[in-house]
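What follows is a set of notes on a single structure, which appears directly below.
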Amino acid sequence: MIIKKFTGKTESDATEIAKKELGDNIVIMNVRPVKKSGFFSIFAPSKIEVTVALEDEPSKITRSVKPTKDTKTVRPSKPVSMADKLLKAQAEGEIPPLKVSSASQPPATQKREPIKEHVLQEESSAIEEKLDSLHNLLEQNLKNEKDDVKTDLYSEEQSDIREEKNTVSEETLSFVRVLYNTLIENEVDEIYANQLTDEVEKVSKPNIPMEYVLANVYQKMVLKFGPASRIKESQDGPIAEIFIGPTGVGKTTTIAKLASDLCINRKKKVALLTVDTYRIAAAEQLRTYATIMDIPFRVIYSVEEMKQAAEDFKDYDYLMVDTAGHSLHNEEQKMTMIGFINALEECVETENYLVLSATTKYRDLIEIADGYSELVKYKLIFTKMDETSSAGNLYNIHMHTGAPMSYITNGQNVPSDIAVFDAQRSVKGLLGGK
């Protein structure tokens with residue numbers, strides 16, 4: 001396999017140069033702007049760098065352009081471990097981010113760590129420390145609420161509460177207002193925000209410390225999320241990890257991240273399968289990752305081929321299966337996907353993961369989640385967490401479906417930009433904490 005970089009005034013120019021040297025069968029892995037360094041670089045126009053891959057043998061390539069210092073060919077002259085391959089490719093920027101944003105760091109500068117759970121270990125008696133600045137923030141908001149003479153949507157309800165229930169203090173009522181507004185600002189659905197404020201009123205007593213009320217809400221939300229459900233440990237035979245969801249949410253990249261963690265960090269035998277025959281680029285991208293990690297890859301076209309793959313890889317630990325994104329109104333595609341899943345269920349143990357983008361509108365997320373709920377039982381993975389400032393939809397969809405949370409991704413870098421879902425961190429953010 002050959003991976004090289006080419007530069008040009010535009011993406012088209014760079015791609016054309018690559019095709020002249022390597023042929024038309026190249027796969028574009030990354031596109032990013034580059035600018036010369038030095039004082040006079042401010043006057044120089046920026047160029048576009050394109051990273052491409054080709055699976056042909058080097059001896060079969062006809063070169064019409066002499067290689068330059070800017071182009072690098074990865075040609076191992078001796079056996080290299082899959083971990084070294086992946087690390088080298090990531091360090092040299094030859095693995096996507098497929099979309100470059102100004103906020104992302106260059107792959108070479110990012111710290112690579114195994115996937116781990118960000119679980120806070122403090123004792124319950126130190127709940128204030130868990131919430132960091134959250135308590136101070138709410139205290140300040142409470143003060144602002146008391147100084148604010150304007151009425152809000154709660155004014156009539158709170159007046160009735162004061163008349164009927166003298167045990168509810170002004171401070172508690174102000175806390176309810178702040179809590180509700182904070183949840184709504186973080187896009188928690190009004191139904192679930194009201195449920196939480198109702199619980200505050202139930203536990204409130206005269207002169208109750210605000211820390212107790214805040215800790216109670218925090219703990220209830222963490223409990224509602226429940227523990228994250230990771231990929232199960234393979235015992236006897238392979239487990240098929242099936243990834244479903246709409247087009248464009250990052251299923252293929254998510255599979256590559258999890259597969260690299262299983263291979264490199266957990267030393268598992270993994271095979272990559274795809275039934276997405278609609279998008280050639282998705283299959284080629286997954287094939288590229290498989291080549292770098294030195295693991296099997298196969299495109300599946302029929303139920304019979306799926307059963308044969310399960311038999312061929314019966315000595316493996318995991319089969320990572322990429323599916324095609326499709327419209328939930330397309331009955332033919334739905335039945336095709338169910339056919340593949342049922343075929344695997346007959347042969348091996350399976351787990352389904354619904355991959356959703358955190359940037360998708362709540363109404364659309366509900367429709368997607370409900371549509372897939374009619375087909376299979378699944379766990380939830382949310383992608384593109386780095387592209388949104390609110391995690392309210394994670395809470396909404398979990399509460400709506402009851403499906404366990406599993407992983408979140410926060411970028412395109414493989415394998416670093418993924419983590420096991422952390423309920424405590426997410427709840428702290430939803431309550432206004434940093």
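So you can find residues: chains in the structure tokens are A, B, ... in the order shown, residues in each start at 1, and ligands are numbered from 1 in order.
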message = Need the shell around A:Leu354: protein/DNA/RNA residues with any atom at most 7 Å away, counting only C-alpha atoms. Skip same-chain ones fewer than 4 positions apart. Format as a PyMOL selection string?
response = chain A and resi 243-245+378-381
Could you save the residues just selected, with C-alpha atoms, as a PDB file, in the first residue's frame?
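Result file out.pdb:
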```pdb
ATOM      1  CA  PHE A 243     -23.309  -0.182  13.644  1.00  0.00           C
ATOM      2  CA  ILE A 244     -26.526   1.319  12.313  1.00  0.00           C
ATOM      3  CA  GLY A 245     -27.720   4.866  11.764  1.00  0.00           C
ATOM      4  CA  TYR A 378     -29.582  -1.009  20.340  1.00  0.00           C
ATOM      5  CA  LYS A 379     -27.101   0.984  22.426  1.00  0.00           C
ATOM      6  CA  LEU A 380     -26.407   4.672  21.763  1.00  0.00           C
ATOM      7  CA  ILE A 381     -23.267   6.289  20.369  1.00  0.00           C
TER       8      ILE A 381
END
```
message = I want to know what sits within 9 Å of A:Gly402, based on only C-alpha atoms, with residues of the same chain fewer than 4 positions away left out; could you give that as a list in words?
response =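 Those residues are Phe225, Ile397 and His398 of chain A.
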For the residues in the current selection, export C-alpha atoms as a tab-separated table (two decimals), in the first residue's frame.
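What follows is the written file selection.tsv:
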```tsv
chain	number	residue	atom	x	y	z
A	225	PHE	CA	-28.33	7.98	32.59
A	397	ILE	CA	-32.84	10.54	23.52
A	398	HIS	CA	-31.70	8.32	26.38
```
key: Residue set, stretch 147-340 of chain A restricted to helix (DSSP H, G or I), as a PyMOL selection string   = chain A and resi 147+155-164+170-185+190-203+210-225+251-265+280-293+303-312+331-340
Distance criterion (only C-alpha atoms): nearest to A:Thr383 out of A:Val249, A:Ile366, A:Leu344, A:Leu319 =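 Answer, going by the shortest atom-to-atom distance: A:Val249.
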Can you pull out the residues contacting A:Glu11? Cut-off 8 Å, using only C-alpha atoms, and skip same-chain residues under 3 positions away; I want them as a compact mmCIF listing (two decimals) with C-alpha atoms, in the first residue's frame.
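result_25.txt, written as the output of this step:
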```
# COMPACT_ATOMS: atom_id res chain seq x y z
CA GLY A 8 -1.51 22.31 -5.56
CA ALA A 14 -3.41 18.47 -6.23
CA THR A 15 -5.67 15.52 -7.07
CA VAL A 31 -7.50 17.45 2.37
CA ILE A 48 -4.01 22.68 -0.71
CA GLU A 49 -2.40 19.41 0.42
CA VAL A 50 -4.12 16.16 -0.54
```
For the contact check between stretch 206-309 of chain A and stretch 404-414 of chain A, emit one row per residue of stretch 206-309 of chain A within 9 Å, containing the shortest atom pair and the distance in Å rounded to one decimal, counting only C-alpha atoms, chain then rising number order, as JSON lines.
```
{"residue": "A:Phe225", "atom": "CA", "partner": "A:Met405", "partner_atom": "CA", "distance": 7.3}
{"residue": "A:Gly226", "atom": "CA", "partner": "A:Pro404", "partner_atom": "CA", "distance": 7.4}
{"residue": "A:Pro227", "atom": "CA", "partner": "A:Met405", "partner_atom": "CA", "distance": 7.6}
{"residue": "A:Ala228", "atom": "CA", "partner": "A:Ser406", "partner_atom": "CA", "distance": 5.0}
{"residue": "A:Ser229", "atom": "CA", "partner": "A:Ser406", "partner_atom": "CA", "distance": 4.8}
{"residue": "A:Arg230", "atom": "CA", "partner": "A:Ser406", "partner_atom": "CA", "distance": 5.6}
{"residue": "A:Ile231", "atom": "CA", "partner": "A:Ser406", "partner_atom": "CA", "distance": 8.2}
{"residue": "A:Gly250", "atom": "CA", "partner": "A:Gln412", "partner_atom": "CA", "distance": 8.5}
{"residue": "A:Thr253", "atom": "CA", "partner": "A:Gln412", "partner_atom": "CA", "distance": 7.0}
{"residue": "A:Thr254", "atom": "CA", "partner": "A:Thr409", "partner_atom": "CA", "distance": 7.5}
{"residue": "A:Ala256", "atom": "CA", "partner": "A:Val414", "partner_atom": "CA", "distance": 6.9}
{"residue": "A:Lys257", "atom": "CA", "partner": "A:Val414", "partner_atom": "CA", "distance": 5.2}
{"residue": "A:Leu258", "atom": "CA", "partner": "A:Val414", "partner_atom": "CA", "distance": 8.9}
{"residue": "A:Ser260", "atom": "CA", "partner": "A:Val414", "partner_atom": "CA", "distance": 8.0}
```
I need the residues in stretch 195-326 of chain A that are strand (DSSP E) according to DSSP; give them as a PDB file with C-alpha atoms, in the first residue's frame.
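Result went into part25.pdb, see below:
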```
ATOM      1  CA  ILE A 239     -19.172 -11.070  18.864  1.00  0.00           C
ATOM      2  CA  ALA A 240     -20.578  -9.129  15.911  1.00  0.00           C
ATOM      3  CA  GLU A 241     -20.660  -5.405  16.693  1.00  0.00           C
ATOM      4  CA  ILE A 242     -23.192  -3.935  14.236  1.00  0.00           C
ATOM      5  CA  PHE A 243     -23.309  -0.182  13.644  1.00  0.00           C
ATOM      6  CA  ILE A 244     -26.526   1.319  12.313  1.00  0.00           C
ATOM      7  CA  VAL A 270     -10.793  -8.179  14.782  1.00  0.00           C
ATOM      8  CA  ALA A 271     -12.232  -8.388  11.274  1.00  0.00           C
ATOM      9  CA  LEU A 272     -13.946  -5.494   9.489  1.00  0.00           C
ATOM     10  CA  LEU A 273     -17.046  -6.141   7.379  1.00  0.00           C
ATOM     11  CA  THR A 274     -19.190  -3.703   5.435  1.00  0.00           C
ATOM     12  CA  PHE A 297     -11.610  -6.642   5.549  1.00  0.00           C
ATOM     13  CA  ARG A 298     -14.515  -7.910   3.465  1.00  0.00           C
ATOM     14  CA  VAL A 299     -17.391  -6.350   1.516  1.00  0.00           C
ATOM     15  CA  TYR A 318     -14.916  -9.384  17.100  1.00  0.00           C
ATOM     16  CA  LEU A 319     -16.595  -8.745  13.755  1.00  0.00           C
ATOM     17  CA  MET A 320     -17.093  -4.988  13.289  1.00  0.00           C
ATOM     18  CA  VAL A 321     -19.947  -4.494  10.803  1.00  0.00           C
ATOM     19  CA  ASP A 322     -20.609  -1.219   8.972  1.00  0.00           C
TER      20      ASP A 322
END
```
